Structures are given as C-alpha cells and as structure tokens.
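> Got a structure for you, questions after.
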2 protein chains.
Amino acid sequence: MDNRYRIGIDLGGTNIKAGIVDRDHKIIASASRKTRGERHCGEVLDDMAGTVKDALQKAGISLEQCESIGIGSPGTIDHERGIVIYSNNIRWEQVRLAEEIKQRLSLPVKVANDANCAALGEALAGSAKGCKDVVLLTLGTGVGGGVIIDGKLFQGGIGGAELGHTTLIAGGELCTCGRRGCVEAYCSATALIREADRAAEQSPQSLLRKMREEEQEMNGRIPFDAMKAGDKQGTEVVEQYIQWLGEAVTNYVNIFRPQMVLLSGGICGQGALLTEPLKEYVKTHAFAGERLAIPDIAIAKLGNDAGIIGAANLQIK
Amino acid sequence: MDNRYRIGIDLGGTNIKAGIVDRDHKIIASASRKTRGERHCGEVLDDMAGTVKDALQKAGISLEQCESIGIGSPGTIDHERGIVIYSNNIRWEQVRLAEEIKQRLSLPVKVANDANCAALGEALAGSAKGCKDVVLLTLGTGVGGGVIIDGKLFQGGIGGAELGHTTLIAGGELCTCGRRGCVEAYCSATALIREADRAAEQSPQSLLRKMREEEQEMNGRIPFDAMKAGDKQGTEVVEQYIQWLGEAVTNYVNIFRPQMVLLSGGICGQGALLTEPLKEYVKTHAFAGERLAIPDIAIAKLGNDAGIIGAANLQIK
C-alpha cells in the first residue's frame, strides 16, 4: 500500500506548522510558516497548503503517498463539518477549513480543536502512550483541554469539551468567555500572574515584589522562584494556584476517570513542584476516595509535536 | 427470531423493579419487590432474580425469549466488569452484581449507574427521544447525572460521569462526598431545603417560615409556593437555586454540548417555573454564546420507567 503517511497541521496564532507523520506516529519531516491571522483568510489557507508542500518536499515524498490531512485549530470547531465557528486567536468566523484545504490538496480533511489534537497526540505517542483514558490540560493564556476516552478523542456535541469554561467559583473572577468564576479564570498562566501581581501590590517588602521590579513585569515563573527562595507571598500564591488547579483536575477526574492527567504549557517547566502536590490533592478530594483508581498526573512531553501527531490521527475516530 | 425481549432491572434503595422491554422500548410487564438493603446481599440478589421471574410470568413469556439483562444500580459502578464498587444507598461494597445475576438467570448481564440508565431510557423512549446528545440531571437527595453522546451512554473510565461532584463554589458548602462546594451541595433538593430553612430562620415574619411551621418541616415545594404567593424570602431562595442550577447546567453544556438537557426528581414538578429561567440563564452564559446551538431544557417524563428501559438497553453500547 502506497498511502503510508498522514499529514498533521497545527494552526497557531503565530505559526502554521505541518508535519508528515508515519504509521509509528513519528514526524518524518515538518515545515512552518507565519500565520499572520490579520490577513485575508484565503491567504492563510494558501499558506497552510504551502506549508504542507514544504514538508512533503523535505520528506522527499509526494502528496499521493499520503492518505489524509488533519488540522488542529484554535477556537470553537464544528468537527463534524470541519468548520472553524469562531476563533478569537486568528480572528476567524465560520471558515470552512476542511473544504478549503481539501480543494487545495485533494485529500480527505478533518478538523478539531488544537488542545484536543494535543491530547490525542500525547495519548498516541507521548507521555500518555498506552493509556486508554487521558485528560490533557493546557495552562497558558487560557485553559484548553482535550479528553481521550477508550483511545478515542472525546469532543461531545459541536463545540464541546470546553473544560476551561466550567465553574471553579461561581460568581468569582471574570473570565474571557464573559462568565464569572471559570476554571480558566483561576488556573491559566494569566490567572497565576494576576494573583502574583495582587500579592506583590499588597506586600511591597516581599521578594515577589522585588523580583517583579527586577524583571519589569510579573510572569508565571516568579512566584515559583520566590517560593523556592522562602518568600511567604510567593509561597501563598503558588499554594493557592495549586489548590485551584487541584479542584479543577478533581472535577475532570470525577467526570472522565482517566488513567492519566497531563499538563502542558509554560508553567509545567516547574515539573514535580506542580505535579506532586496536585497528586496529593486529587487523591484526597476525588469522588469515592481510594475505592477508585487515582490517575497519575504528569507533564506532557511532546510540546508542539503533540498537536501535529494528534491532528494527523483525527481520521481514525 | 425468538429472543425478542430484554430485561431491565432498577435497583433502588427502597424497591427492586424489573421490566420486560420490547424492541420498541415499551415495558410489556413489570414487577417489584422491597430491596431491604440491610439484609445479606445474597438475599437481595435472590429477590432481584425473583422479581425478574415475576415480571416474566406477568408478561406470559419465558426467560428463553429474552436475550439480556441490564441493571441500573445506585452508587459507583465498574461498568466493564459489572461490579458495584460502593453504594451508600444499599450498603454494598465490591458486589459482583453481573456475575451473581448471570448465575441465577443464565443471561448476559450489564450493570450501570442508575442515573446513567435513566438518561439512556429518556434518550431512547422519553423526553429526549430522537436526540443524539443528551444530559440528564436527577435532582434529589443528591445530584446524579447521565450523559448520552452520539446515541451511546457516556460513562468515562470506571466510576466516571459523576456530574454532581464537580465544583460550583470551591471551598463552599460541605458535600456528601467529603469535598466542599460540589454541584450536589447547591443543586440537590437537600440543598434547596437547607437554603429555605436558613432563610426561614433569618426571617421569622416570612411566609416561608409560616409555611414551614404549618407543614412541620421544610420541603422542596414550600419555597416555590411562597414565591407564587409573593413572599420575598421564598423568591430569593428559588432565584438563587435556579442561578446555581443554571451555572451547573452551563458547565455540562460547555463540556458535552447536548441537544437537550433533561431534569428529573421531585423539584421538577415545578415545570416551566424551573425550565424557563434556566433556558434564559444558559443562553446568556454558555461558551461562545449564540454562535453555538443552545440546548433545550425539559423535564424528564418517564419517571421510574426510564431506568428500566435504559438498563434493558445497556447491551447495545
């Protein structure tokens, strides 16, 4: 059989990345172009097709040797029809992405949310390889999520699986979605920075404040660094953040009961400092306690490759 | 083909109910015995088999004309192996329910959580008939849930789909599961009664208080009755309850994106008084607003039959 490869595209706010993926879930070649989402949408679509052709050339294979294309896109996706309903990130609304790419490359195309693709990639070839049931959380500007159940991508109805937009504290902090108190408003890197800023404001003598001044502005690493140096305010900010994240993870455990929960995003550079207290929190708070298996919590290891590998495997439902 | 019927058992804290279900999802005969869960578990199992035989006799058919048995059980279920891991309700722990009933009736047996079975029943033959994606919430002593995705029962990993044990207000009211702030602690009938009791305590002149005195103790109907009579405290209790329920339903909508959300339990006697403001709340708060379809919210109509019909259909995954 000639059609041995699948193509995965990771459409990001900054870059379009395309990879040629083999049957062992390895990316044999990849290419990248700038997204520049402010352009007319047709130009971005042309560059997506172009990025695929670049990757094919690098791999030294032809389009005919590939059987399908999968695309991970930010935003709300109609995965049944391959439409980007809305993406704040690349300013798209109602873009018929599957149809447009199929016209340009003449292969079957599937589209899914980017965090969903990352979860599938990690379950197939990354930190959760071999796990049937996996929840992945991306802790970045927002909180994205992807769920694998029985080896398959869970997407719910159209536009579903928005794990970050479930309540942690109803009526609490304003969320980007317009609601108050969502997980995203407490567990994103943005939320960690907000809380660290508040603590720095309240405690002018704290190391947290000093570190912020040195680096000009707050970032997600500072509260961890302050904690490591014994700063009370930094410690409080980190502990509160981990407790919120623990509550969110416990929710997803009670709903999905995965074997593994993966975390990705810049904050995850903290490694065990994040995962160890989280494991303890979930063990204590998950429904039915020790009667049910408590999932392992780990850091996703594939980075951007997860999205490409996951996207390439969207065809296999 | 002789095997035209399936058997559904609804194992409740008070009663064991068994029904013979035909291919059109109609219960052609049913029977019931007392559960008396305080007995030795073997006696309850014998009575479950006995209830099935009673129902068969009423239907005038033999066991050989049935192809399978499904059981809806309270508690945490290992649906893959048919084990009741733990049920507070009937005081069972690690009961190999599928195996035990198979020994007694020589048919293939599947077991699922009772609220899950109810959701499947309503999706097949009840208020959500024809809907592919459905979320059902049972608002009773606790909050149970069942989810149908693409026509199939969603159960997550073992012990999953515990919708009632996700946070509404982290750190808030103590929940029966040991955690603080779960949906169950705000949206159960128990929670409504707790809030109505608190309001009655604080306002000795309120109609809410007067009605409680007349009925000796608070129940879930009183705050609605007080509201209808124009009582300020009753209105506040109901409005707060609906807002909490709205937050919970919005969470499930963002995760599962069902076409329909069904509510069941005693409170649902309030009908449109409950569903109309809920629809409005979800429309305003669900992720991506009007860009995505907003599910209908309705009252489940099959009552106890939903659990029997759903259980009978567990075989078809």
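Identifiers for the structure tokens are assigned positionally: chains receive A, B, ... in sequence, residues are indexed from 1 per chain, and ligands are indexed from 1 in the order shown.
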Would you please give, as a list in words, all residues of region 58-140 of chain B that DSSP assigns to helix (DSSP H, G or I) based on the backbone?
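DSSP-assigned helix (DSSP H, G or I) residues in region 58-140 of chain B: Lys58, Ala59, Leu63, Glu64, Gln65, Leu97, Ala98, Glu99, Glu100, Ile101, Lys102, Gln103, Arg104, Leu105, Asp114, Ala115, Asn116, Cys117, Ala118, Ala119, Leu120, Gly121, Glu122, Ala123, Leu124 and Ala125 of chain B.
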> Select residues of chain A: the criterion is any atom within 6 Å of an atom of chain B, counting only C-alpha atoms; output as an NGL selection string.
:A and (156-157 or 160-163 or 166-170 or 179 or 251 or 254-258 or 285)
> Just N, CA and C atoms for this one: save the residues we selected as a PDB file, in the first residue's frame.

ATOM      1  N   GLY A 156     -17.656  15.586  22.441  1.00  0.00           N
ATOM      2  CA  GLY A 156     -19.026  15.964  22.794  1.00  0.00           C
ATOM      3  C   GLY A 156     -19.787  16.389  21.555  1.00  0.00           C
ATOM      4  N   GLY A 157     -20.870  17.131  21.737  1.00  0.00           N
ATOM      5  CA  GLY A 157     -21.564  17.712  20.592  1.00  0.00           C
ATOM      6  C   GLY A 157     -20.703  18.825  20.009  1.00  0.00           C
ATOM      7  N   GLY A 160     -18.077  21.265  21.906  1.00  0.00           N
ATOM      8  CA  GLY A 160     -17.977  20.771  23.279  1.00  0.00           C
ATOM      9  C   GLY A 160     -16.547  20.631  23.773  1.00  0.00           C
ATOM     10  N   ALA A 161     -16.413  19.958  24.934  1.00  0.00           N
ATOM     11  CA  ALA A 161     -15.110  19.699  25.566  1.00  0.00           C
ATOM     12  C   ALA A 161     -14.394  20.973  25.978  1.00  0.00           C
ATOM     13  N   GLU A 162     -15.150  22.026  26.284  1.00  0.00           N
ATOM     14  CA  GLU A 162     -14.538  23.268  26.766  1.00  0.00           C
ATOM     15  C   GLU A 162     -14.306  23.162  28.275  1.00  0.00           C
ATOM     16  N   LEU A 163     -13.325  22.355  28.643  1.00  0.00           N
ATOM     17  CA  LEU A 163     -13.078  22.079  30.060  1.00  0.00           C
ATOM     18  C   LEU A 163     -12.756  23.344  30.859  1.00  0.00           C
ATOM     19  N   THR A 166     -15.751  25.767  32.835  1.00  0.00           N
ATOM     20  CA  THR A 166     -16.638  25.186  33.832  1.00  0.00           C
ATOM     21  C   THR A 166     -16.292  25.903  35.135  1.00  0.00           C
ATOM     22  N   THR A 167     -17.259  25.998  36.041  1.00  0.00           N
ATOM     23  CA  THR A 167     -17.035  26.847  37.213  1.00  0.00           C
ATOM     24  C   THR A 167     -16.075  26.271  38.231  1.00  0.00           C
ATOM     25  N   LEU A 168     -15.257  27.137  38.753  1.00  0.00           N
ATOM     26  CA  LEU A 168     -14.474  26.791  39.929  1.00  0.00           C
ATOM     27  C   LEU A 168     -15.090  27.538  41.115  1.00  0.00           C
ATOM     28  N   ILE A 169     -15.376  28.810  40.924  1.00  0.00           N
ATOM     29  CA  ILE A 169     -16.031  29.606  41.968  1.00  0.00           C
ATOM     30  C   ILE A 169     -17.083  30.475  41.272  1.00  0.00           C
ATOM     31  N   ALA A 170     -18.315  29.965  41.223  1.00  0.00           N
ATOM     32  CA  ALA A 170     -19.387  30.685  40.531  1.00  0.00           C
ATOM     33  C   ALA A 170     -19.481  32.112  41.051  1.00  0.00           C
ATOM     34  N   ARG A 179     -18.368  34.871  31.400  1.00  0.00           N
ATOM     35  CA  ARG A 179     -18.926  34.337  32.638  1.00  0.00           C
ATOM     36  C   ARG A 179     -17.977  34.661  33.796  1.00  0.00           C
ATOM     37  N   ASN A 251     -12.379  17.728  39.388  1.00  0.00           N
ATOM     38  CA  ASN A 251     -13.620  17.736  38.600  1.00  0.00           C
ATOM     39  C   ASN A 251     -13.504  16.837  37.379  1.00  0.00           C
ATOM     40  N   ASN A 254     -13.519  13.217  38.293  1.00  0.00           N
ATOM     41  CA  ASN A 254     -14.851  12.710  38.644  1.00  0.00           C
ATOM     42  C   ASN A 254     -15.732  12.516  37.409  1.00  0.00           C
ATOM     43  N   ILE A 255     -15.524  13.314  36.388  1.00  0.00           N
ATOM     44  CA  ILE A 255     -16.328  13.173  35.169  1.00  0.00           C
ATOM     45  C   ILE A 255     -15.759  12.091  34.250  1.00  0.00           C
ATOM     46  N   PHE A 256     -14.453  12.131  34.018  1.00  0.00           N
ATOM     47  CA  PHE A 256     -13.884  11.273  32.965  1.00  0.00           C
ATOM     48  C   PHE A 256     -13.136  10.050  33.493  1.00  0.00           C
ATOM     49  N   ARG A 257     -12.701  10.066  34.741  1.00  0.00           N
ATOM     50  CA  ARG A 257     -11.936   8.953  35.323  1.00  0.00           C
ATOM     51  C   ARG A 257     -10.828   8.460  34.400  1.00  0.00           C
ATOM     52  N   PRO A 258      -9.935   9.349  34.021  1.00  0.00           N
ATOM     53  CA  PRO A 258      -8.831   8.935  33.153  1.00  0.00           C
ATOM     54  C   PRO A 258      -7.782   8.150  33.941  1.00  0.00           C
ATOM     55  N   HIS A 285      -9.300  14.381  47.372  1.00  0.00           N
ATOM     56  CA  HIS A 285     -10.590  15.010  47.056  1.00  0.00           C
ATOM     57  C   HIS A 285     -11.442  14.292  46.012  1.00  0.00           C
TER      58      HIS A 285
END
> For Gln240 (chain A), work out the shell of residues within 12 Å, counting only C-alpha atoms and skipping chain neighbours fewer than 3 positions away, then give it as a list in words.
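Using only C-alpha atoms, the neighbours found are Tyr186, Cys187, Ala191, Leu192, Glu195, Ala196, Ala199, Pro223, Phe224, Gln233, Gly234, Thr235, Glu236, Val237, Gln243, Trp244, Leu245, Gly246, Glu247, Leu274, Pro277, Leu278 and Tyr281 of chain A; Ala170 and Gly171 of chain B.
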> Could you give me the residues within region 14-104 of chain B that DSSP places in strand (DSSP E), as a count of residues only?
35
> Quote the spacing between CA of Glu173 (chain A) and CA of Asn116 (chain A) in Å to one decimal place.
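CA of Asn116 (chain A) lies 25.5 Å from CA of Glu173 (chain A).
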> Using only C-alpha atoms, which protein or nucleic acid residues come within 10 Å of Gly265 (chain B)? Drop anything in the same chain fewer than 2 positions from it, and give the result as a count of residues only.
16
> Would you kindly return, as a list in words, each protein, DNA or RNA residue with an atom no farther than 9 Å from any atom of Leu124 (chain A), considering only C-alpha atoms and excluding same-chain residues fewer than 4 positions away?
His25, Ala119, Leu120, Ala128, Lys129, Gly130, Cys131, Gly151, Ala306, Ile309, Gly310 and Asn313 of chain A
> I'd like the interatomic distance between CA of Ala98 (chain B) and CA of Gly82 (chain B), to a tenth of an Å.
4.8 Å
> Excluding region 33-47 of chain B and its own-chain neighbours fewer than 2 positions away, which residues fall within 10 Å of it when counting only C-alpha atoms? Please give them as a PyMOL selection string.
chain B and resi 11-18+31+49-54+89-93+95+97+100-101+104
> Save out the residues we just selected, N, CA and C atoms, as a PDB file, in the first residue's frame.

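Final output, result.pdb:
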ATOM      1  N   LEU B  11     -32.523  -1.179  40.443  1.00  0.00           N
ATOM      2  CA  LEU B  11     -32.256  -1.499  41.849  1.00  0.00           C
ATOM      3  C   LEU B  11     -32.246  -0.200  42.641  1.00  0.00           C
ATOM      4  N   GLY B  12     -33.260   0.008  43.457  1.00  0.00           N
ATOM      5  CA  GLY B  12     -33.342   1.252  44.225  1.00  0.00           C
ATOM      6  C   GLY B  12     -33.132   1.006  45.706  1.00  0.00           C
ATOM      7  N   GLY B  13     -32.984   2.085  46.447  1.00  0.00           N
ATOM      8  CA  GLY B  13     -32.821   1.956  47.894  1.00  0.00           C
ATOM      9  C   GLY B  13     -34.049   1.348  48.543  1.00  0.00           C
ATOM     10  N   THR B  14     -35.222   1.564  47.979  1.00  0.00           N
ATOM     11  CA  THR B  14     -36.472   1.072  48.564  1.00  0.00           C
ATOM     12  C   THR B  14     -37.000  -0.153  47.826  1.00  0.00           C
ATOM     13  N   ASN B  15     -37.040  -0.077  46.484  1.00  0.00           N
ATOM     14  CA  ASN B  15     -37.628  -1.163  45.701  1.00  0.00           C
ATOM     15  C   ASN B  15     -36.694  -1.708  44.631  1.00  0.00           C
ATOM     16  N   ILE B  16     -36.864  -3.015  44.361  1.00  0.00           N
ATOM     17  CA  ILE B  16     -36.285  -3.632  43.168  1.00  0.00           C
ATOM     18  C   ILE B  16     -37.413  -3.654  42.142  1.00  0.00           C
ATOM     19  N   LYS B  17     -37.168  -3.073  40.980  1.00  0.00           N
ATOM     20  CA  LYS B  17     -38.189  -3.134  39.928  1.00  0.00           C
ATOM     21  C   LYS B  17     -37.593  -3.819  38.713  1.00  0.00           C
ATOM     22  N   ALA B  18     -38.356  -4.709  38.112  1.00  0.00           N
ATOM     23  CA  ALA B  18     -37.892  -5.373  36.892  1.00  0.00           C
ATOM     24  C   ALA B  18     -38.948  -5.213  35.816  1.00  0.00           C
ATOM     25  N   ALA B  31     -42.557  -5.926  37.526  1.00  0.00           N
ATOM     26  CA  ALA B  31     -42.826  -6.425  38.868  1.00  0.00           C
ATOM     27  C   ALA B  31     -41.914  -5.707  39.845  1.00  0.00           C
ATOM     28  N   ALA B  49     -33.535 -11.692  41.142  1.00  0.00           N
ATOM     29  CA  ALA B  49     -33.866 -12.758  40.188  1.00  0.00           C
ATOM     30  C   ALA B  49     -35.354 -13.100  40.276  1.00  0.00           C
ATOM     31  N   GLY B  50     -35.872 -13.114  41.514  1.00  0.00           N
ATOM     32  CA  GLY B  50     -37.291 -13.408  41.723  1.00  0.00           C
ATOM     33  C   GLY B  50     -38.186 -12.358  41.071  1.00  0.00           C
ATOM     34  N   THR B  51     -37.799 -11.108  41.171  1.00  0.00           N
ATOM     35  CA  THR B  51     -38.591 -10.021  40.582  1.00  0.00           C
ATOM     36  C   THR B  51     -38.639 -10.171  39.054  1.00  0.00           C
ATOM     37  N   VAL B  52     -37.510 -10.582  38.480  1.00  0.00           N
ATOM     38  CA  VAL B  52     -37.473 -10.821  37.029  1.00  0.00           C
ATOM     39  C   VAL B  52     -38.455 -11.946  36.672  1.00  0.00           C
ATOM     40  N   LYS B  53     -38.443 -13.018  37.465  1.00  0.00           N
ATOM     41  CA  LYS B  53     -39.354 -14.142  37.178  1.00  0.00           C
ATOM     42  C   LYS B  53     -40.823 -13.712  37.315  1.00  0.00           C
ATOM     43  N   ASP B  54     -41.113 -12.883  38.329  1.00  0.00           N
ATOM     44  CA  ASP B  54     -42.473 -12.342  38.488  1.00  0.00           C
ATOM     45  C   ASP B  54     -42.896 -11.578  37.227  1.00  0.00           C
ATOM     46  N   ASN B  89     -26.232   3.792  49.425  1.00  0.00           N
ATOM     47  CA  ASN B  89     -27.670   3.623  49.416  1.00  0.00           C
ATOM     48  C   ASN B  89     -28.124   2.237  49.873  1.00  0.00           C
ATOM     49  N   ILE B  90     -27.523   1.195  49.305  1.00  0.00           N
ATOM     50  CA  ILE B  90     -27.904  -0.173  49.675  1.00  0.00           C
ATOM     51  C   ILE B  90     -26.786  -0.861  50.481  1.00  0.00           C
ATOM     52  N   ARG B  91     -25.831  -0.070  50.919  1.00  0.00           N
ATOM     53  CA  ARG B  91     -24.734  -0.555  51.780  1.00  0.00           C
ATOM     54  C   ARG B  91     -23.960  -1.711  51.149  1.00  0.00           C
ATOM     55  N   TRP B  92     -23.681  -1.604  49.876  1.00  0.00           N
ATOM     56  CA  TRP B  92     -22.917  -2.645  49.190  1.00  0.00           C
ATOM     57  C   TRP B  92     -21.502  -2.165  48.929  1.00  0.00           C
ATOM     58  N   GLU B  93     -20.588  -3.080  48.982  1.00  0.00           N
ATOM     59  CA  GLU B  93     -19.203  -2.777  48.620  1.00  0.00           C
ATOM     60  C   GLU B  93     -18.651  -3.981  47.871  1.00  0.00           C
ATOM     61  N   VAL B  95     -19.634  -5.751  45.220  1.00  0.00           N
ATOM     62  CA  VAL B  95     -20.571  -6.840  44.901  1.00  0.00           C
ATOM     63  C   VAL B  95     -20.508  -7.124  43.399  1.00  0.00           C
ATOM     64  N   LEU B  97     -22.185  -7.940  40.847  1.00  0.00           N
ATOM     65  CA  LEU B  97     -23.607  -7.982  40.516  1.00  0.00           C
ATOM     66  C   LEU B  97     -23.878  -8.718  39.201  1.00  0.00           C
ATOM     67  N   GLU B 100     -23.309 -12.498  39.669  1.00  0.00           N
ATOM     68  CA  GLU B 100     -24.304 -13.108  40.561  1.00  0.00           C
ATOM     69  C   GLU B 100     -25.657 -13.280  39.858  1.00  0.00           C
ATOM     70  N   ILE B 101     -26.064 -12.279  39.086  1.00  0.00           N
ATOM     71  CA  ILE B 101     -27.366 -12.373  38.414  1.00  0.00           C
ATOM     72  C   ILE B 101     -27.271 -13.334  37.229  1.00  0.00           C
ATOM     73  N   ARG B 104     -27.808 -16.734  38.409  1.00  0.00           N
ATOM     74  CA  ARG B 104     -29.204 -17.035  38.761  1.00  0.00           C
ATOM     75  C   ARG B 104     -30.121 -17.105  37.542  1.00  0.00           C
TER      76      ARG B 104
END
